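Next comes coords_17.cif, a file with mmCIF, C-alpha atoms and all ligand atoms.
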data_coords
#
loop_
_atom_site.label_atom_id
_atom_site.label_comp_id
_atom_site.auth_asym_id
_atom_site.auth_seq_id
_atom_site.Cartn_x
_atom_site.Cartn_y
_atom_site.Cartn_z
CA MET L 711 129.19 104.83 60.19
CA ASP L 712 131.85 102.59 61.71
CA VAL L 713 132.90 104.73 64.67
CA GLN L 714 136.08 102.79 65.39
CA ALA L 715 137.21 103.08 61.78
CA MET L 716 136.66 106.84 61.89
CA GLN L 717 138.79 107.46 64.99
CA VAL L 718 141.58 109.82 64.04
CA ALA L 719 145.09 108.54 64.30
CA VAL L 720 146.93 111.06 66.46
CA SER L 721 149.90 111.05 68.77
CA PRO L 722 149.25 110.25 72.44
CA LYS L 723 147.53 113.07 74.29
CA LEU L 724 149.90 115.72 75.54
CA MET L 725 149.32 117.35 78.89
CA MET L 726 146.95 120.25 78.42
CA LYS L 727 145.98 122.99 80.81
CA LYS L 728 142.42 122.93 82.16
CA ASP L 729 141.53 126.03 80.11
CA PHE L 730 142.35 127.56 76.71
CA LEU L 731 142.82 131.24 77.59
CA GLN L 732 145.90 132.45 75.73
CA ILE L 733 148.41 131.03 73.26
CA ALA L 734 151.30 131.95 75.55
CA ASP L 735 150.10 129.34 78.10
CA PHE L 736 150.92 126.43 75.78
CA SER L 737 154.21 124.94 74.73
CA ALA L 738 155.23 124.86 71.06
CA GLU L 739 154.78 121.08 71.26
CA GLU L 740 151.20 121.40 72.55
CA ILE L 741 150.36 123.91 69.81
CA GLN L 742 151.85 121.67 67.15
CA ASP L 743 149.87 118.77 68.60
CA LEU L 744 146.63 120.78 68.38
CA LEU L 745 147.43 121.68 64.76
CA GLU L 746 148.06 118.03 63.89
CA LEU L 747 144.85 116.95 65.59
CA ALA L 748 142.94 119.70 63.75
CA THR L 749 144.36 118.48 60.44
CA ALA L 750 143.37 114.89 61.25
CA LEU L 751 139.87 115.89 62.33
CA LYS L 752 139.45 118.03 59.21
CA LYS L 753 140.45 115.10 57.00
CA GLU L 754 138.16 112.76 58.88
CA TYR L 755 135.26 115.22 58.56
CA PHE L 756 135.67 115.50 54.79
CA ASN L 757 136.07 111.74 54.47
CA GLY L 758 132.57 111.04 55.74
CA GLY L 759 132.23 112.64 59.15
CA ASN L 760 133.80 112.79 62.58
CA ALA L 761 133.57 110.08 65.20
CA PRO L 762 131.36 111.17 68.11
CA LEU L 763 134.26 111.98 70.44
CA LEU L 764 132.12 114.38 72.48
CA LYS L 765 128.98 112.27 72.79
CA GLY L 766 127.05 113.33 75.88
CA LYS L 767 129.11 116.52 76.35
CA ALA L 768 127.61 120.00 76.39
CA LEU L 769 129.29 123.38 75.84
CA ALA L 770 127.79 126.63 77.16
CA MET L 771 128.66 129.56 74.87
CA VAL L 772 128.52 132.87 76.75
CA PHE L 773 128.66 135.99 74.58
CA GLN L 774 129.04 139.59 75.72
CA LYS L 775 129.61 140.74 72.10
CA PRO L 776 128.28 139.80 68.64
CA SER L 777 129.75 136.90 66.63
CA LEU L 778 129.24 134.97 63.41
CA ARG L 779 132.30 132.72 63.06
CA THR L 780 132.97 131.92 66.72
CA ARG L 781 129.38 131.12 67.52
CA VAL L 782 128.61 129.04 64.45
CA SER L 783 131.94 127.21 64.25
CA PHE L 784 131.83 126.17 67.93
CA GLU L 785 128.22 125.09 67.62
CA MET L 786 128.93 123.01 64.52
CA ALA L 787 132.16 121.61 66.01
CA MET L 788 130.19 120.27 68.98
CA GLN L 789 127.49 118.89 66.68
CA HIS L 790 129.99 117.15 64.36
CA LEU L 791 131.67 115.52 67.37
CA GLY L 792 128.36 114.24 68.75
CA GLY L 793 128.00 116.83 71.52
CA HIS L 794 125.71 119.78 72.12
CA ALA L 795 126.28 123.54 72.32
CA MET L 796 124.02 126.19 73.77
CA TYR L 797 124.18 129.89 72.91
CA LEU L 798 123.72 132.32 75.79
CA SER L 799 123.28 135.88 74.60
CA PRO L 800 124.53 139.01 76.43
CA ALA L 801 120.97 139.80 77.45
CA GLU L 802 120.35 136.36 78.98
CA ILE L 803 123.44 136.02 81.16
CA GLY L 804 124.35 139.57 82.11
CA LEU L 805 127.83 138.30 83.04
CA GLY L 806 128.99 140.25 86.09
CA GLN L 807 125.86 142.42 86.03
CA ARG L 808 122.78 140.27 86.60
CA GLU L 809 124.99 137.80 88.43
CA SER L 810 128.62 137.68 89.53
CA ILE L 811 131.10 135.92 87.25
CA ALA L 812 132.06 133.56 90.09
CA ASP L 813 128.43 132.50 90.54
CA VAL L 814 127.83 132.06 86.79
CA ALA L 815 130.97 129.86 86.61
CA ARG L 816 129.92 127.67 89.52
CA VAL L 817 126.33 127.27 88.33
CA LEU L 818 127.31 126.40 84.73
CA SER L 819 129.92 123.90 85.99
CA GLY L 820 127.11 121.74 87.31
CA TYR L 821 125.21 121.72 84.00
CA VAL L 822 127.79 121.51 81.21
CA GLN L 823 131.21 119.98 80.55
CA GLY L 824 132.78 123.14 79.10
CA ILE L 825 132.29 126.91 78.77
CA MET L 826 133.32 129.10 75.85
CA ALA L 827 133.04 132.82 76.51
CA ARG L 828 133.52 136.04 74.56
CA VAL L 829 134.05 138.95 76.93
CA PHE L 830 135.17 142.57 76.98
CA ASP L 831 137.66 142.60 79.84
CA HIS L 832 140.29 139.83 79.73
CA GLU L 833 140.13 139.70 83.55
CA HIS L 834 136.59 138.40 83.18
CA ILE L 835 137.66 135.28 81.27
CA LEU L 836 140.34 134.69 83.91
CA GLU L 837 137.72 135.04 86.64
CA LEU L 838 135.39 132.63 84.84
CA ALA L 839 138.21 130.08 84.56
CA LYS L 840 139.20 130.57 88.19
CA TRP L 841 135.73 129.68 89.49
CA SER L 842 134.71 127.10 86.92
CA SER L 843 135.45 123.43 87.55
CA VAL L 844 135.01 122.65 83.83
CA PRO L 845 137.30 123.86 80.99
CA VAL L 846 136.92 127.48 79.87
CA ILE L 847 137.77 128.57 76.32
CA ASN L 848 138.48 132.20 75.47
CA GLY L 849 136.32 133.06 72.45
CA LEU L 850 137.89 136.59 72.32
CA SER L 851 138.65 139.16 74.97
CA ASP L 852 139.93 142.70 74.64
CA TYR L 853 143.46 141.31 75.15
CA ASN L 854 143.57 138.33 72.80
CA HIS L 855 141.82 135.83 70.52
CA PRO L 856 143.62 132.47 70.85
CA CYS L 857 141.08 130.34 68.92
CA GLN L 858 141.55 132.66 65.95
CA ALA L 859 145.34 132.30 66.14
CA LEU L 860 145.17 128.51 66.10
CA ALA L 861 143.00 128.58 62.96
CA ASP L 862 145.38 131.14 61.45
CA ALA L 863 148.40 128.92 62.07
CA LEU L 864 146.55 125.95 60.56
CA THR L 865 145.83 128.04 57.45
CA ILE L 866 149.46 129.18 57.18
CA GLN L 867 150.78 125.61 57.57
CA GLU L 868 148.34 124.37 54.93
CA LYS L 869 149.81 126.89 52.49
CA PHE L 870 153.51 126.72 53.36
CA GLY L 871 153.91 123.40 55.19
CA LYS L 872 155.58 122.96 58.56
CA VAL L 873 158.43 125.32 57.81
CA ASN L 874 160.02 127.42 60.49
CA ARG L 875 161.33 130.28 58.38
CA LEU L 876 158.38 132.43 57.53
CA LYS L 877 157.66 136.12 57.91
CA VAL L 878 154.23 137.28 59.02
CA ALA L 879 153.52 141.01 58.64
CA TYR L 880 150.51 142.38 60.48
CA VAL L 881 149.40 145.80 59.24
CA GLY L 882 147.02 147.75 61.46
CA ASP L 883 145.82 147.97 65.02
CA GLY L 884 147.81 146.26 67.79
CA ASN L 885 144.65 144.57 69.00
CA ASN L 886 143.49 141.22 70.46
CA VAL L 887 143.92 139.36 67.15
CA ALA L 888 147.43 140.79 66.64
CA VAL L 889 148.54 139.71 70.13
CA SER L 890 147.50 136.06 69.69
CA LEU L 891 148.95 135.95 66.17
CA MET L 892 152.26 137.33 67.45
CA HIS L 893 152.38 134.74 70.23
CA ILE L 894 151.64 131.80 67.95
CA CYS L 895 154.27 133.02 65.45
CA ALA L 896 156.81 133.23 68.28
CA LYS L 897 155.90 129.70 69.42
CA LEU L 898 156.21 128.25 65.91
CA GLY L 899 159.43 130.09 65.09
CA TRP L 900 157.93 132.45 62.49
CA ASP L 901 159.16 136.04 62.30
CA PHE L 902 156.43 138.53 63.17
CA THR L 903 156.34 142.24 62.55
CA ILE L 904 153.56 144.72 63.12
CA ALA L 905 153.19 148.10 61.45
CA ASN L 906 150.84 150.36 63.35
CA PRO L 907 150.38 154.12 63.73
CA ILE L 908 151.87 155.70 66.84
CA GLY L 909 149.41 155.35 69.69
CA TYR L 910 147.95 152.04 68.47
CA GLU L 911 150.70 149.68 69.63
CA MET L 912 150.25 146.37 71.39
CA SER L 913 150.98 146.51 75.11
CA ALA L 914 154.67 146.43 76.03
CA GLU L 915 153.85 143.39 78.18
CA ALA L 916 152.44 141.44 75.19
CA ILE L 917 155.49 142.24 73.06
CA GLU L 918 157.89 141.39 75.89
CA SER L 919 156.24 137.98 76.43
CA ALA L 920 156.46 137.29 72.66
CA LYS L 921 160.16 138.19 72.69
CA GLN L 922 160.73 135.82 75.59
CA ILE L 923 158.99 132.98 73.71
CA ALA L 924 160.91 133.88 70.54
CA PHE L 925 164.18 133.61 72.42
CA GLU L 926 163.64 129.83 72.43
CA THR L 927 162.52 129.49 68.80
CA ASP L 928 164.74 132.12 67.20
CA ALA L 929 161.77 134.00 65.73
CA LYS L 930 162.25 137.74 65.25
CA ILE L 931 159.56 139.95 66.80
CA SER L 932 159.46 143.60 65.78
CA GLN L 933 157.24 146.65 65.70
CA GLN L 934 157.36 149.62 63.34
CA THR L 935 155.20 152.37 61.90
CA ASN L 936 155.89 151.88 58.18
CA PRO L 937 153.61 149.28 56.49
CA HIS L 938 155.76 149.27 53.32
CA GLU L 939 158.85 148.25 55.29
CA ALA L 940 156.86 145.69 57.27
CA VAL L 941 155.71 143.76 54.19
CA GLN L 942 159.19 143.48 52.63
CA GLY L 943 159.93 139.76 52.36
CA ALA L 944 156.62 138.84 54.02
CA ASN L 945 154.99 135.48 53.27
CA VAL L 946 151.81 136.46 55.10
CA ILE L 947 150.12 139.86 55.22
CA TYR L 948 147.49 140.05 57.93
CA THR L 949 145.07 142.80 58.84
CA ASP L 950 142.01 143.31 61.03
CA THR L 951 139.47 146.04 61.65
CA TRP L 952 140.78 149.42 62.78
CA THR L 953 137.91 149.68 65.27
CA SER L 954 137.28 146.65 67.46
CA MET L 955 134.04 145.83 69.25
CA GLY L 956 133.63 148.23 72.15
CA GLN L 957 135.65 151.04 70.48
CA GLU L 958 132.88 152.29 68.19
CA GLU L 959 132.95 155.84 69.56
CA GLU L 960 136.60 156.15 68.41
CA SER L 961 135.80 155.06 64.88
CA ALA L 962 136.17 158.47 63.12
CA LYS L 963 139.49 159.17 64.84
CA ARG L 964 140.77 155.70 63.99
CA GLU L 965 139.78 156.01 60.30
CA GLN L 966 142.09 159.02 60.13
CA ALA L 967 144.94 157.47 62.09
CA PHE L 968 144.96 154.28 59.97
CA ALA L 969 144.47 155.93 56.57
CA GLY L 970 147.95 154.89 55.36
CA TYR L 971 147.59 151.32 56.63
CA GLN L 972 145.18 149.86 54.09
CA VAL L 973 146.06 146.45 52.67
CA ASN L 974 145.59 147.15 48.97
CA HIS L 975 147.04 145.88 45.69
CA GLN L 976 150.08 148.15 45.94
CA LEU L 977 151.01 146.98 49.45
CA VAL L 978 150.50 143.30 48.59
CA SER L 979 152.72 143.68 45.51
CA GLU L 980 155.58 144.76 47.80
CA ALA L 981 155.58 141.42 49.69
CA GLU L 982 156.83 138.01 48.47
CA GLN L 983 155.21 136.99 45.18
CA ASP L 984 153.40 134.00 46.71
CA ALA L 985 152.39 135.82 49.90
CA ILE L 986 148.94 135.13 51.27
CA VAL L 987 146.55 137.75 52.63
CA MET L 988 144.69 137.02 55.85
CA HIS L 989 141.96 138.71 57.89
CA CYS L 990 140.10 137.23 60.87
CA LEU L 991 136.83 138.81 59.64
CA PRO L 992 134.47 140.60 59.87
CA ALA L 993 136.20 142.84 57.31
CA HIS L 994 135.38 146.49 56.77
CA ARG L 995 135.86 146.31 53.05
CA ASN L 996 137.71 149.17 51.38
CA HIS L 997 138.87 150.40 54.78
CA GLU L 998 141.57 148.05 56.17
CA LEU L 999 141.33 145.72 53.15
CA THR L 1000 140.25 146.50 49.58
CA ASP L 1001 137.68 144.38 47.77
CA GLU L 1002 140.30 143.72 45.09
CA VAL L 1003 142.65 142.11 47.62
CA ALA L 1004 139.96 140.42 49.75
CA ASP L 1005 138.57 138.69 46.65
CA GLY L 1006 141.91 138.33 44.86
CA LEU L 1007 144.01 135.25 44.19
CA GLN L 1008 146.28 135.75 47.20
CA SER L 1009 143.44 136.02 49.70
CA VAL L 1010 142.75 133.06 52.00
CA ILE L 1011 140.15 134.81 54.15
CA PHE L 1012 137.39 132.23 53.63
CA PRO L 1013 139.50 129.05 54.09
CA GLN L 1014 140.90 130.83 57.13
CA ALA L 1015 137.39 131.40 58.53
CA HIS L 1016 136.45 127.79 57.75
CA ASN L 1017 139.52 126.54 59.63
CA ARG L 1018 138.00 127.91 62.85
CA LEU L 1019 135.75 124.83 62.75
CA HIS L 1020 138.60 122.35 62.52
CA ALA L 1021 141.00 124.08 64.92
CA GLN L 1022 138.28 124.35 67.57
CA LYS L 1023 137.42 120.68 67.26
CA ALA L 1024 141.00 119.95 68.31
CA ILE L 1025 140.77 122.35 71.27
CA LEU L 1026 137.46 120.81 72.39
CA ALA L 1027 138.68 117.22 72.00
CA ARG L 1028 141.86 117.85 73.99
CA LEU L 1029 140.22 119.92 76.76
CA PHE L 1030 137.41 117.42 77.18
CA GLY L 1031 139.98 114.61 77.28
CA ALA L 1032 138.31 112.89 74.36
CA ALA L 1033 141.29 112.53 72.03
N1 LIG A 1 136.85 136.18 63.64
C1 LIG A 1 135.86 136.10 64.53
O1 LIG A 1 136.07 135.79 65.72
O2 LIG A 1 134.63 136.36 64.02
P1 LIG A 1 133.29 136.57 64.85
O3 LIG A 1 133.43 137.86 65.62
O4 LIG A 1 132.19 136.64 63.84
O5 LIG A 1 133.11 135.42 65.79
N1 LIG A 2 139.60 142.91 66.72
C1 LIG A 2 138.24 142.52 66.43
C2 LIG A 2 138.17 141.07 66.15
C3 LIG A 2 136.81 140.54 65.79
C4 LIG A 2 136.81 139.06 65.55
C5 LIG A 2 137.34 142.90 67.59
O1 LIG A 2 137.72 142.66 68.75
O2 LIG A 2 136.25 143.42 67.35
#
Written as structure tokens, how would this file's structure read?
Ligand code: CP
Ligand code: NVA
Amino acid sequence: MDVQAMQVAVSPKLMMKKDFLQIADFSAEEIQDLLELATALKKEYFNGGNAPLLKGKALAMVFQKPSLRTRVSFEMAMQHLGGHAMYLSPAEIGLGQRESIADVARVLSGYVQGIMARVFDHEHILELAKWSSVPVINGLSDYNHPCQALADALTIQEKFGKVNRLKVAYVGDGNNVAVSLMHICAKLGWDFTIANPIGYEMSAEAIESAKQIAFETDAKISQQTNPHEAVQGANVIYTDTWTSMGQEEESAKREQAFAGYQVNHQLVSEAEQDAIVMHCLPAHRNHELTDEVADGLQSVIFPQAHNRLHAQKAILARLFGAA
């Protein structure tokens, strides 16, 4: 393969923060830049393979919770870019239990060029970033899921183009995925509304920060309890599990609370005719999302999952200063 010929043509590198911890940390310009780089890297990959931008670089992947997409897509992203990823299971690391987070960060910084971590408490990813001298990527915390949001925005732009008048309706729990999606919508100027049962709202702080971002882009950010009103005029209907990892003991209570919040054929028919249906996965089929909708013509759940690979290549390339 002619490595030079395969180099992606992208705009000059924008200033990036050391770490990728939350969407709100990045400017709209930086997010757009990551989306363009992801698109270029995706094209390059399907045209014969990526140039080895990350040759000689290693990524430690620290997991406190299970994962399919995040683990495999980061591992393959590193491999496609000529680097190496290593999976560190909850049992191996014992983040903050076997060893303090500060010590784990400082030890890993001497072995690898980057750390991706999936944690329970968002403070733990902040602590890891504080003590690490290499970039830290948030692979999901209880507060947010920024890598997911970047892949989601890539998927939405692939469907609708780089338009700035879109409405994204999130139906369900005001969880980590919802927070990052709301922030990326605000950054890109897309209206965002969430319909959730009382008691399952996003934090007032998360909504307030989205409103502040939206002030600059003119996006409308709103919250309501009626899913039917939320999907009126929506171009994107998004849902996620009603019970996130770590909340399993609340599952029965949540099933009851969210009973009227299922994304089914009826709800989808109330949105725009060409609306797409999204879910970060794993899906609890016939709970938050029916089989009919998940496997229907408007669903983009698998291209969306596949875009994790391409979006994360852009994050890795920028953080490692390789593109
Ligand atoms: N969407 C997502 O992050 O999936 P995993 O939990 O399988 O990584
Ligand atoms: N909200 C879900 C997302 C899984 C990718 C959870 O935290 O379990």
Proximity of chain L to ligand LIG 1 (chain A): per-residue shortest pair, 8 Å limit, all atoms listed in the file, as a Markdown table:
| residue | atom | partner | partner_atom | distance |
| --- | --- | --- | --- | --- |
| L:Pro776 | CA | A:LIG1 | O3 | 6.3 |
| L:Ser777 | CA | A:LIG1 | O4 | 3.7 |
| L:Leu778 | CA | A:LIG1 | O4 | 3.4 |
| L:Arg779 | CA | A:LIG1 | O5 | 3.9 |
| L:Thr780 | CA | A:LIG1 | O5 | 3.6 |
| L:Arg781 | CA | A:LIG1 | O5 | 5.9 |
| L:Val782 | CA | A:LIG1 | O5 | 7.9 |
| L:Gly849 | CA | A:LIG1 | O1 | 7.3 |
| L:Leu850 | CA | A:LIG1 | O1 | 6.9 |
| L:His855 | CA | A:LIG1 | O1 | 7.5 |
| L:Gln858 | CA | A:LIG1 | N1 | 6.3 |
| L:Cys990 | CA | A:LIG1 | N1 | 4.4 |
| L:Leu991 | CA | A:LIG1 | N1 | 4.8 |
| L:Pro992 | CA | A:LIG1 | O2 | 5.9 |
| L:Ala1015 | CA | A:LIG1 | N1 | 7.0 |
Pick out the residues no farther than 7 Å from ligand LIG 2 (chain A), counting only C-alpha atoms and all ligand atoms, and list them as a VMD selection string.
chain L and resid 852 885 to 887 950 to 951 953 to 955 990 to 992
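In this structure, CA of Thr903 (chain L) sits 27.3 Å away from CA of Ile835 (chain L).
Shortest separation to Thr749 (chain L) among L:Gly970, L:Pro762, L:Gly871, L:Gly793 occurs at residue L:Gly871, atoms counted being all atoms listed in the file.
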Measure the distance from CA of Glu980 (chain L) to CA of His1016 (chain L) in Å and round it to one decimal.
27.4 Å
Looking at only C-alpha atoms, which of L:Val873, L:Asn760, L:Val846, L:Ile825 is the one that sits closest to Gly792 (chain L)?
L:Asn760
Can you work out which one of L:Gly1031, L:Lys897, L:Leu1019, L:Ala801 has the shortest atom-to-atom distance to Leu751 (chain L), counting only C-alpha atoms?
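Answer, going by the shortest atom-to-atom distance: L:Leu1019.
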Nearest to Gln774 (chain L), chosen from L:Leu1026, L:Met826, L:Met786, L:Ala734, with all atoms listed in the file counted in the distances
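Using all atoms listed in the file, Gln774 (chain L) sits closest to L:Met826.
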Give the answer as one residue: which of L:Asp1005, L:Glu833, L:Glu746, L:Asp901 has the shortest atom-to-atom distance to Ile986 (chain L), using only C-alpha atoms?
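The shortest atom-to-atom distance to Ile986 (chain L) comes from L:Asp1005.
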Some atoms are missing, so please complete region 764-775 of chain L with all heavy atoms and return it as a CSV table (one decimal), in the coordinates of the input.
chain,number,residue,atom,x,y,z
L,764,LEU,N,132.7,113.6,71.4
L,764,LEU,CA,132.1,114.4,72.5
L,764,LEU,C,130.7,114.0,72.8
L,764,LEU,O,129.9,114.9,73.2
L,764,LEU,CB,132.3,115.9,72.2
L,764,LEU,CG,133.7,116.4,71.9
L,764,LEU,CD1,133.7,117.9,71.7
L,764,LEU,CD2,134.6,116.0,73.1
L,765,LYS,N,130.4,112.7,72.5
L,765,LYS,CA,129.0,112.3,72.8
L,765,LYS,C,128.6,112.5,74.3
L,765,LYS,O,129.4,112.2,75.2
L,765,LYS,CB,128.9,110.8,72.5
L,765,LYS,CG,127.5,110.2,72.5
L,765,LYS,CD,127.5,108.9,71.7
L,765,LYS,CE,126.0,108.4,71.6
L,765,LYS,NZ,125.7,107.5,72.7
L,766,GLY,N,127.5,113.1,74.5
L,766,GLY,CA,127.0,113.3,75.9
L,766,GLY,C,127.7,114.6,76.5
L,766,GLY,O,127.4,114.9,77.7
L,767,LYS,N,128.5,115.3,75.8
L,767,LYS,CA,129.1,116.5,76.4
L,767,LYS,C,128.4,117.8,75.9
L,767,LYS,O,127.9,117.8,74.7
L,767,LYS,CB,130.6,116.7,75.9
L,767,LYS,CG,131.4,115.4,76.1
L,767,LYS,CD,132.1,115.4,77.4
L,767,LYS,CE,133.1,114.2,77.4
L,767,LYS,NZ,133.4,113.8,78.8
L,768,ALA,N,128.3,118.7,76.8
L,768,ALA,CA,127.6,120.0,76.4
L,768,ALA,C,128.5,121.2,76.6
L,768,ALA,O,129.3,121.2,77.6
L,768,ALA,CB,126.3,120.2,77.2
L,769,LEU,N,128.5,122.2,75.7
L,769,LEU,CA,129.3,123.4,75.8
L,769,LEU,C,128.4,124.6,76.0
L,769,LEU,O,127.5,124.8,75.1
L,769,LEU,CB,130.1,123.5,74.6
L,769,LEU,CG,131.0,124.8,74.5
L,769,LEU,CD1,132.3,124.6,75.4
L,769,LEU,CD2,131.5,125.0,73.0
L,770,ALA,N,128.5,125.4,77.0
L,770,ALA,CA,127.8,126.6,77.2
L,770,ALA,C,128.6,127.7,76.5
L,770,ALA,O,129.8,127.8,76.7
L,770,ALA,CB,127.6,127.0,78.6
L,771,MET,N,128.0,128.5,75.6
L,771,MET,CA,128.7,129.6,74.9
L,771,MET,C,128.1,130.9,75.3
L,771,MET,O,127.0,131.3,75.0
L,771,MET,CB,128.4,129.4,73.4
L,771,MET,CG,128.8,128.0,72.9
L,771,MET,SD,129.0,127.9,71.1
L,771,MET,CE,127.3,128.3,70.6
L,772,VAL,N,128.9,131.6,76.1
L,772,VAL,CA,128.5,132.9,76.8
L,772,VAL,C,129.1,134.0,75.9
L,772,VAL,O,130.3,134.1,75.8
L,772,VAL,CB,129.1,132.9,78.2
L,772,VAL,CG1,128.7,134.3,78.9
L,772,VAL,CG2,128.6,131.8,79.0
L,773,PHE,N,128.2,134.9,75.4
L,773,PHE,CA,128.7,136.0,74.6
L,773,PHE,C,128.3,137.3,75.2
L,773,PHE,O,127.1,137.6,75.5
L,773,PHE,CB,128.0,135.9,73.2
L,773,PHE,CG,128.7,134.9,72.3
L,773,PHE,CD1,128.3,133.6,72.3
L,773,PHE,CD2,129.8,135.2,71.5
L,773,PHE,CE1,129.0,132.6,71.5
L,773,PHE,CE2,130.4,134.3,70.7
L,773,PHE,CZ,130.0,133.0,70.7
L,774,GLN,N,129.3,138.2,75.3
L,774,GLN,CA,129.0,139.6,75.7
L,774,GLN,C,129.1,140.5,74.5
L,774,GLN,O,128.9,141.7,74.6
L,774,GLN,CB,130.1,140.1,76.7
L,774,GLN,CG,129.9,139.5,78.1
L,774,GLN,CD,130.9,140.2,79.1
L,774,GLN,OE1,132.0,140.4,78.8
L,774,GLN,NE2,130.4,140.5,80.3
L,775,LYS,N,129.5,139.9,73.3
L,775,LYS,CA,129.6,140.7,72.1
L,775,LYS,C,129.1,139.9,71.0
L,775,LYS,O,128.9,138.7,71.1
L,775,LYS,CB,131.1,141.0,71.8
L,775,LYS,CG,131.9,141.7,72.8
L,775,LYS,CD,133.3,141.8,72.4
L,775,LYS,CE,134.2,142.4,73.5
L,775,LYS,NZ,135.6,142.6,73.0
